[in-house]
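Input: a single structure, listed below in structure tokens.
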Amino acid sequence: MALFFNKQSYKNLALEDIVVLAQSDDIQAIDELIKREQKNIYAALYYLDKDREDIFDNTQEILFRMCKNLKKIRNPKAFKSWLNQIIMHYYYDVMRKKNKTPQMISVEKYSNDNEIYNPYEALFTDKKKKPDETSLLKELDKVITNAILHLPEQLKIATVLREFQGLSYEEIANVTNSNIGTVKSRIARARSKLQEVLNEYIK
Amino acid sequence: MHINLICAKVKSLLKDYIQGSIDIKDSLFIQEHLKICVNCRHTYQTLKRQLSEDVTTKAEGILQQKEDTYYMQNLSAYYDNELSFDESVRMKKYLIKTPSAREELKKLHNFRILLQKVHKSVLKKANFDYSKTILKRLDKSTVPEQFTLIQKFAAVILLILFFTVCLCGALYFSKQGVLKIAHKISHLHRHLN
């Protein structure tokens with residue numbers, strides 16, 4: 001059945017179908033899967049970790065793991081959730097390694113759920129730029145991504161998984177090993193904190 | 001004069017009396033006085049009404065606060081369609097009667113639109129395509145195909161054959177060996193005798 005799909009129609013298939021095809025070693029399906037998910041993986045890492053020298057390598061590594069372990073998923077509908085587990089495990093590993101090296105002490109500052117590093121720091125350093133519209137928009141991008149980067153660890157993770165990876169509360173609870181109530185409150189708190197930062201900036 | 005002093009004392013104790021925070025002696029004293037003194041009785045009744053109103057409005061205030069906090073906390077979940085059917089019905093009713101909550105919901109919506117704009121520009125930075133690289137890497141890392149069932153079966157048969165041959169050989173040679181030894185023993189026996 002897979003043999004009759006031409007290259008174009010793979011783009012129109014639902015994610016679950018691509019996953020099933022890829023699991024049966026259909027090379028075009030694996031190719032399509034990589035093409036669909038690589039930017040999402042990149043974006044997740046972009047918001048999670050401010051050290052971006054290795055972001056391209058990390059993206060590739062996660063993609064490789066995704067393909068290598070694809071057959072382990074029993075329910076193709078759980079693919080997105082499963083992929084995000086891979087991303088989070090990889091991210092935790094990276095953070096753990098960084099914790100061992102002395103120059104990365106800053107990571108520990110953000111590990112407390114209730115602590116927030118000064119998010120306004122990013123705002124003041126960028127104000128020197130010229131106020132024309134395109135650079136204002138770029139600044140806003142930077143302000144928001146910085147604000148997300150500086151959220152307390154758990155709030156940041158909940159935000160990334162909800163706002164950018166589109167997972168449901170239950171899926172987020174599974175990925176982060178917490179319960180739905182906690183996820184609910186983290187998402188609400190993260191949104192209110194981010195809105196606060198934005199309001200300060202607009203003033 | 002004497003009565004006014006008593007009235008003054010009673011009036012000062014009335015609040016505690018109503019709230020039940022005075023001792024039994026004073027309580028009985030006040031009770032007796034209220035029976036005979038119209039003025040104090042009047043004050044007592046007004047004060048009692050006032051205090052119970054205060055209590056109920058305070059209780060209502062606290063309840064309202066709790067309600068507001070609950071709804072504000074669940075606004076986010078409501079926006080994400082994560083509330084149960086009943087909860088979202090209650091939330092809709094709350095939104096209809098509370099303009100400030102509607103404001104908050106609008107702000108949340110606008111904020112999310114902004115987030116999605118930012119996300120688009122972040123995705124633009126990912127102008128790479130690793131599909132070929134990853135496929136190559138996958139190819140290199142593939143372990144040779146696992147043996148088919150037939151191959152496994154054949155291997156087992158061969159092993160069995162091998163062991164049977166070894167066993168036969170061992171028995172054969174050992175049979176020879178046993179005969180030789182038996183021969184030698186009988187030879188010795190005859191020799192001794």
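Going through the structure tokens in order, the chains are called A, B, and so on, while each chain numbers its residues from 1 and the ligands are numbered from 1 in the order shown.
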Write out as CSV the residues of chain B that have any atom within 10 Å of an atom of chain A, one row each with the nearest atom pair and its distance in Å to one decimal, counting only C-alpha atoms, sorted by chain and then rising number.
residue,atom,partner,partner_atom,distance
B:Met72,CA,A:Ala188,CA,8.9
B:Gln73,CA,A:Ala188,CA,6.5
B:Asn74,CA,A:Lys184,CA,7.8
B:Leu75,CA,A:Ala188,CA,8.0
B:Ser76,CA,A:Ala188,CA,5.5
B:Ala77,CA,A:Lys184,CA,6.4
B:Asp80,CA,A:Ser168,CA,8.4
B:Asn81,CA,A:Ser168,CA,9.3
B:Glu82,CA,A:Tyr169,CA,7.2
B:Lys107,CA,A:Gln195,CA,8.6
B:Leu108,CA,A:Arg191,CA,7.9
B:Phe111,CA,A:Gln195,CA,7.1
B:Arg112,CA,A:Glu163,CA,7.9
B:Leu114,CA,A:Asp141,CA,9.0
B:Leu115,CA,A:Ile144,CA,7.8
B:Gln116,CA,A:Phe164,CA,7.8
B:Lys117,CA,A:Asp141,CA,8.3
B:Val118,CA,A:Asp141,CA,5.4
B:His119,CA,A:Phe164,CA,7.1
B:Lys120,CA,A:Ala43,CA,9.5
B:Ser121,CA,A:Asp141,CA,7.9
B:Val122,CA,A:Ala43,CA,6.3
B:Leu123,CA,A:Lys39,CA,6.0
B:Lys124,CA,A:Lys39,CA,8.5
B:Lys125,CA,A:Lys39,CA,8.7
B:Ala126,CA,A:Lys39,CA,5.7
B:Asn127,CA,A:Lys39,CA,8.2
B:Phe128,CA,A:Lys39,CA,8.4
B:Asp129,CA,A:Lys35,CA,6.7
B:Tyr130,CA,A:Gln60,CA,7.0
B:Ser131,CA,A:Asp31,CA,5.5
B:Lys132,CA,A:Asp31,CA,7.6
B:Thr133,CA,A:Gln60,CA,8.6
B:Ile134,CA,A:Phe64,CA,6.0
B:Leu135,CA,A:Asp31,CA,7.4
B:Arg137,CA,A:Phe64,CA,7.8
B:Leu138,CA,A:Lys68,CA,7.2
B:Ser141,CA,A:Lys68,CA,9.1
B:Thr142,CA,A:Lys68,CA,9.1
Query raised in the report: Quick one: residues within 9 Å of Ser81 in chain A, only C-alpha atoms counted, chain neighbours fewer than 3 positions away excluded, as number ranges by chain?
Result: A: 77-78, 84-86, 167, 171-172, 174-175
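Among the candidate residues B:Cys168, B:Cys7, B:Ile113, B:Val89, the one lying nearest to Phe29 in chain B is B:Cys7, with distances computed using only C-alpha atoms.
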Report summary line: From the list B:Glu53, B:Tyr71, B:His109, B:Glu60, the nearest residue to Lys93 in chain B using only C-alpha atoms is B:Tyr71
